[in-house]
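One structure is given below, encoded as structure tokens.
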Amino acid sequence: MFMGKNDLKGEVTTSYICHIIDQINSRGIWFGDDPLAFSLPLLLLQLSLISIVTRFIYFILKPFGQPSIVSQILGGIILGPSVIGRSPTFATKVFPPKGRALFETLSVFGFMLSVFLIGVKMDPYILLRSGKRAIAVGFLAFSVPYALAGFVAFVIDHFLSLDPDVSSALPFVVSIQTLTAFPTVACFLDELRLLNSEIGRLASSSSIVCDVCHWFIFVLKFLTHLASQRSIRISFGFLLSVGLFAAILFFGVRPAVLWAIRQTPEGEPVKEAYVFAVLISVLVCGFIGEVIGLNAFFPSFLLGLVIPDGPPLGAALVEKLDCFVSQILMPIFFAMCGLRMDIFAIQQFKNVATIQLIVFLAFAGKIIGSAIPPLFCRMPILDAISLGLIMNSKGVVELFLLLAWKTEQVLNEECFAIMIISVVIVAGIISPLVRVLYDPSKRFLAYRRRTILHHRQGEELRMLACVHRQENVSAILDLLAASNPTEESPINLVILHLIKLVGQASSLLVSHQPREKPPSTQYPSQSERIFNAFHKFEKHYSEHVTVHCFKGISPYSTMHNDVCSLALEKRSTFIIIPFHRLWINGSVAETSHSLRHLNKNVLEKAPCSVGVLVDRVNRRKYLSSLCINTSLYRIAVLFFGGADDREALAYAGRMSKHSNVLTTLFCFSSSTDIVEGSARSKALDTDVLSKFRLSAFRDDRVSFQEVEVGSGKEVLDVLRSLDGAYELVMVGRRHAESWLMTQIAKWKDRGDLGAIGELLASSEIRIAASILVVQQQTRVWGLRDPEESMHLQRDSTNPRQDA
């Protein structure tokens, strides 16, 4: 009678869906005697409905920076008794109570595998490597909200008349709000692409400390409850069973896993039998845990914890299971949380206000506790607040606890609904706020010019070389040898081996510690072989080269944070990064779009100058090319004009002082401006060229050629003539717009290397030489004129010193 048009449409839609269900049920594949027990087509329809609704909500909320967990929970709420499931016909036909058993079983099994994978990805030794700051943040992030929210809950419970169900639920509300689960934080950081940022690493370590504090209190409460409710004999038997189970895992299963890893050569996939054995072990451990009185998820987590993270076994497990668990099973789990929630169970505003007050106080207390130690360490206040927000993140662990407490009737329907809403609100608020407040690239802003052009004579040259694989080593070694390390101007070299994060939950950036005596049965790892080559280079140049080796493990999407942060920390002047294409026998053998994205981010955010090294040779012996007096290394520098070309010429000027290096400068000119630019830029070009010409007259190993061109085709002819005449070709990355660059763009679209760099790296130009595309430092605090050549003034109000 009071039904509107929208309600009428909803009833028609519900009736239509129910009609389809009746058709499916009449023709479906049934298991069991009761036709409502389980229908395979019905299950597929349930999954399809959940997928469609959650993806639609995610599409709507994505512009607002909402995480996927919010859309998945809201999808379950919409399909549950709060919205569409309010219709008895829809609830009976689509999600019948008797037919929900398998659906819930899939969600529980998905959570079980998810917890196992979390244990596999987690490095338990990260707690031992946590610094004082992470320990302080983790402890205060637990204790401050626990004390604040617990005190207020105690006062409210004793001085206000609350419902018995709400009064008994308040301690559990305090407990779940003070929890900062490492799995939740790791998933949140991964979704925000902050795993290897400064805040991300601190949050990962701090969340583990906070977890230890939370579960320590939980175990104490559990043991106290066990001792008071059960006999001492039963309590002792339970503790003995748990200890025996843990001993079997750590002293039986872990050695077997390590043996399986040793049987797998590096770079080879692990045997399928080992993966199958581990999956069987997950089910067995879950069963044993239930027998001895533990929840099946705790043994699964312990089993994952004893398996070493990363390749080969940990990475294989994650690769085979992660997509299935995260894309199919876990959405079922999140949707189940919404399906079991009835928003109409909330009857009293007083109960909502009480629980939300505790949630807000714990939220504020966690921000305060998390922000105090970083602020004492002079972290910017916005970054400290962002850390507090991340530590407040809620996800899969919190939802599981809520479901378990609802099943055990610790929480009634009203309290459960209120807590689910609070999880959605907190998760929905945190994500967009962190995106707005925290930008990890801001700290890569240097306060001085860090370029080769502005490098002081007689000062060591600090360089950072990135390596992805062994094929990158030889070209970098040639370039370093040509860089002329001497006693007057030595090279301080940092080698960073970049490894994709696979099978691990937290990123890693650590200094490499060589093994004193590696076992004779164990081959050196890829990192060790790479670092050994550079250590040999260091020994050859005696005291003129110092090598520091680091290993960075992170996702490709945020790998540039490792490169830029290490360059900033080591005060590097020049970063060398390999090109994203690999050549074998003169043809492109492999192209990595992930590495291209990495190089693009480094070029945009690096705190110093950058050189992209394109290796088109593949066959070289660096010791025989430069370290023997009879060998010559020929370098060509292409100069069109601009800051990047001046940086390339400055680097070539340093190389030209090497006794075995022959340097040729090709200075392109035309009747009109070959590249556009300011008067200051052209004056700086003239000054740099004049100095190089003077050195060319004084040194027979340096030559100067002025090339006048009238079209882009003539530039191409010059580039083709370089084939076979030089071992290294250098050019700047960016050139101002001009008629010449417009013509060149017709042959090759501008990419990450610029117009000339892309031509040299393309298959259209066959040149058997290494190519170095140079970009001068772009990110400098207070930089107004991009052609500024003097050191920039510092802000007297800024307490930070030069990075």
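Identifiers in the structure tokens: chain A, B, ... in order shown; residue index from 1 per chain; ligand index from 1 in order shown.
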Nearby residues (only C-alpha atoms) at most 8 Å from region 756-761 of chain A, same-chain spacing under 4 positions excluded, as a list of chain:residue names: A:Val614, A:Leu719, A:Val731, A:Gly732, A:Arg733, A:Ile744, A:Lys748, A:Asp749, A:Arg750, A:Gly751, A:Asp752, A:Ile765, A:Ile767, A:Ile771, A:Val773
Could you pull the residues within 7 Å of Met741 (chain A), counting only C-alpha atoms, minus those fewer than 4 positions along the same chain, as a ChimeraX atom specification? /A:737,745,755
The selected residues should be written to file as a short mmCIF file (atom, residue, chain, number, x, y, z; two decimals), in the first residue's frame (atoms: C-alpha atoms).
data_model
loop_
_atom_site.label_atom_id
_atom_site.label_comp_id
_atom_site.auth_asym_id
_atom_site.auth_seq_id
_atom_site.Cartn_x
_atom_site.Cartn_y
_atom_site.Cartn_z
CA GLU A 737 61.31 21.34 -28.25
CA ALA A 745 59.96 12.06 -33.36
CA ALA A 755 64.06 11.41 -28.56
#
Residues of region 696-775 of chain A classed as strand (DSSP E or B) by DSSP on the backbone are to be reported as JSON, numbers by chain. {"A": [702, 703, 704, 705, 706, 707, 708, 728, 729, 730, 731, 732, 770, 771, 772, 773, 774, 775]}
Could those residues be written to a file, using C-alpha atoms, as a short mmCIF file (atom, residue, chain, number, x, y, z; two decimals), in the first residue's frame?
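Output (again.cif):
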data_model
loop_
_atom_site.label_atom_id
_atom_site.label_comp_id
_atom_site.auth_asym_id
_atom_site.auth_seq_id
_atom_site.Cartn_x
_atom_site.Cartn_y
_atom_site.Cartn_z
CA VAL A 702 90.15 14.01 -26.71
CA SER A 703 88.67 15.16 -30.01
CA PHE A 704 85.95 17.62 -30.97
CA GLN A 705 83.75 17.35 -34.03
CA GLU A 706 81.16 19.95 -34.94
CA VAL A 707 78.37 18.42 -36.98
CA GLU A 708 76.04 20.74 -38.85
CA LEU A 728 80.14 3.70 -25.29
CA VAL A 729 77.78 6.38 -26.60
CA MET A 730 76.55 9.07 -24.18
CA VAL A 731 73.70 11.53 -24.63
CA GLY A 732 71.37 13.60 -22.48
CA SER A 770 76.72 0.46 -24.67
CA ILE A 771 74.52 3.55 -24.50
CA LEU A 772 74.30 5.79 -21.46
CA VAL A 773 71.34 8.17 -21.37
CA VAL A 774 71.98 10.80 -18.69
CA GLN A 775 69.52 12.94 -16.77
#
Close residues, region 144-149 of chain A itself excluded, 7 Å, only C-alpha atoms, min 2 positions apart in chain, as a ChimeraX atom specification: /A:140-142,151-153,174,178,358,361-362,365-366,369
Closest of A:Glu727, A:Glu647, A:Asp190, A:Glu104 to Ile390 (chain A) - atom-to-atom distances counting only C-alpha atoms: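 Smallest distance to Ile390 (chain A) is found for A:Asp190.
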Run DSSP on the backbone and give me the residues of region 478-681 of chain A it puts in alpha helix (DSSP H), as JSON, numbers by chain. {"A": [478, 479, 480, 481, 482, 526, 527, 528, 529, 530, 531, 532, 533, 534, 535, 536, 537, 538, 539, 540, 559, 560, 561, 562, 563, 564, 565, 566, 567, 568, 569, 593, 594, 595, 596, 597, 598, 599, 600, 601, 602, 603, 604, 605, 622, 623, 624, 625, 626, 643, 644, 645, 646, 647, 648, 649, 650, 651, 652, 653, 654, 655, 679, 680, 681]}
Give me, as a PyMOL selection string, all polymer residues having an atom no more than 8 Å from region 662-674 of chain A, counting only C-alpha atoms and skipping those fewer than 6 positions away in the same chain. chain A and resi 632-640+652+655-656+701-710+738-740
Hey, can you spit out that residue selection with C-alpha atoms as a compact mmCIF listing (two decimals), in the first residue's frame?
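Okay, out-v5.txt is ready:
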# COMPACT_ATOMS: atom_id res chain seq x y z
CA LEU A 632 91.46 1.27 -25.58
CA TYR A 633 87.92 2.31 -24.70
CA ARG A 634 86.30 4.69 -27.17
CA ILE A 635 83.54 7.04 -26.03
CA ALA A 636 81.26 9.23 -28.16
CA VAL A 637 79.33 12.11 -26.60
CA LEU A 638 76.37 13.56 -28.52
CA PHE A 639 75.74 17.19 -27.59
CA PHE A 640 72.58 19.02 -28.67
CA ALA A 652 82.73 12.20 -20.22
CA MET A 655 86.41 9.62 -18.20
CA SER A 656 88.71 11.43 -20.62
CA ARG A 701 92.97 11.44 -26.55
CA VAL A 702 90.15 14.01 -26.71
CA SER A 703 88.67 15.16 -30.01
CA PHE A 704 85.95 17.62 -30.97
CA GLN A 705 83.75 17.35 -34.03
CA GLU A 706 81.16 19.95 -34.94
CA VAL A 707 78.37 18.42 -36.98
CA GLU A 708 76.04 20.74 -38.85
CA VAL A 709 72.71 19.18 -39.70
CA GLY A 710 69.76 20.44 -41.66
CA SER A 738 62.64 22.32 -31.69
CA TRP A 739 62.15 21.63 -35.36
CA LEU A 740 64.87 18.98 -35.19
Report, in Å to a single decimal, how far apart CA of Ala481 (chain A) and CA of Asp562 (chain A) are.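 Pair CA of Asp562 (chain A) / CA of Ala481 (chain A) returns 25.2 Å.
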All residues 9 Å or closer to Glu543 (chain A), only C-alpha atoms, same chain fewer than 2 positions away omitted, as a VMD selection string: chain A and resid 486 to 487 490 538 to 541 545 to 546
Can you pull out the residues contacting Leu317 (chain A)? Cut-off 12 Å, using only C-alpha atoms, and skip same-chain residues under 4 positions away; I want them as a PyMOL selection string. chain A and resi 113-114+116-121+269-279+282+304+307-313+321-325+502-504
Atomic separation - CA of Phe298 (chain A) relative to CA of Phe400 (chain A), Å: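 CA of Phe400 (chain A) sits 12.2 Å away from CA of Phe298 (chain A).
The two atoms in question, CA of Leu42 (chain A) and CA of Leu102 (chain A), are spaced 11.1 Å apart.
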Extract, using only C-alpha atoms, all DNA, RNA and protein residues at most 10 Å from region 346-349 of chain A, discarding same-chain residues fewer than 2 positions from it, and format them as a VMD selection string. chain A and resid 163 342 to 344 351 to 354 413 to 418
Selected residues written out with C-alpha atoms, as a PDB file, in the first residue's frame:
ATOM      1  CA  ASP A 163      22.305  -3.847  28.693  1.00  0.00           C
ATOM      2  CA  ASP A 342      21.547  -7.564  10.257  1.00  0.00           C
ATOM      3  CA  ILE A 343      21.578  -3.803  10.561  1.00  0.00           C
ATOM      4  CA  PHE A 344      17.994  -3.889  11.824  1.00  0.00           C
ATOM      5  CA  ASN A 351      24.362   0.944  22.738  1.00  0.00           C
ATOM      6  CA  VAL A 352      25.665   2.359  19.474  1.00  0.00           C
ATOM      7  CA  ALA A 353      27.017   5.473  21.206  1.00  0.00           C
ATOM      8  CA  THR A 354      28.708   3.419  23.942  1.00  0.00           C
ATOM      9  CA  GLU A 413      23.373  -9.598  16.921  1.00  0.00           C
ATOM     10  CA  GLU A 414      23.284  -5.905  17.850  1.00  0.00           C
ATOM     11  CA  CYS A 415      26.896  -5.674  19.044  1.00  0.00           C
ATOM     12  CA  PHE A 416      28.090  -7.707  16.055  1.00  0.00           C
ATOM     13  CA  ALA A 417      26.368  -5.352  13.622  1.00  0.00           C
ATOM     14  CA  ILE A 418      27.773  -2.289  15.364  1.00  0.00           C
TER      15      ILE A 418
END
Quick one: of A:Arg193, A:Lys713, A:Arg693, A:Lys350, who's nearest to Val434 (chain A), counting only C-alpha atoms? A:Arg193
Which of these, A:Ala696, A:Leu684, A:Ala650, A:Leu220, has the shortest distance to Arg456 (chain A) once you count only C-alpha atoms? A:Ala650
Using only C-alpha atoms, the shortest atom-to-atom distance to Leu508 (chain A) among A:Ser483, A:Thr264, A:Ser554, A:Ser711 belongs to A:Ser554
Find the residue from A:Leu258, A:Ala169, A:Ala335, A:Leu480 that sits nearest to Leu79 (chain A); use only C-alpha atoms when measuring.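 Using only C-alpha atoms, the shortest distance to Leu79 (chain A) belongs to A:Ala335.
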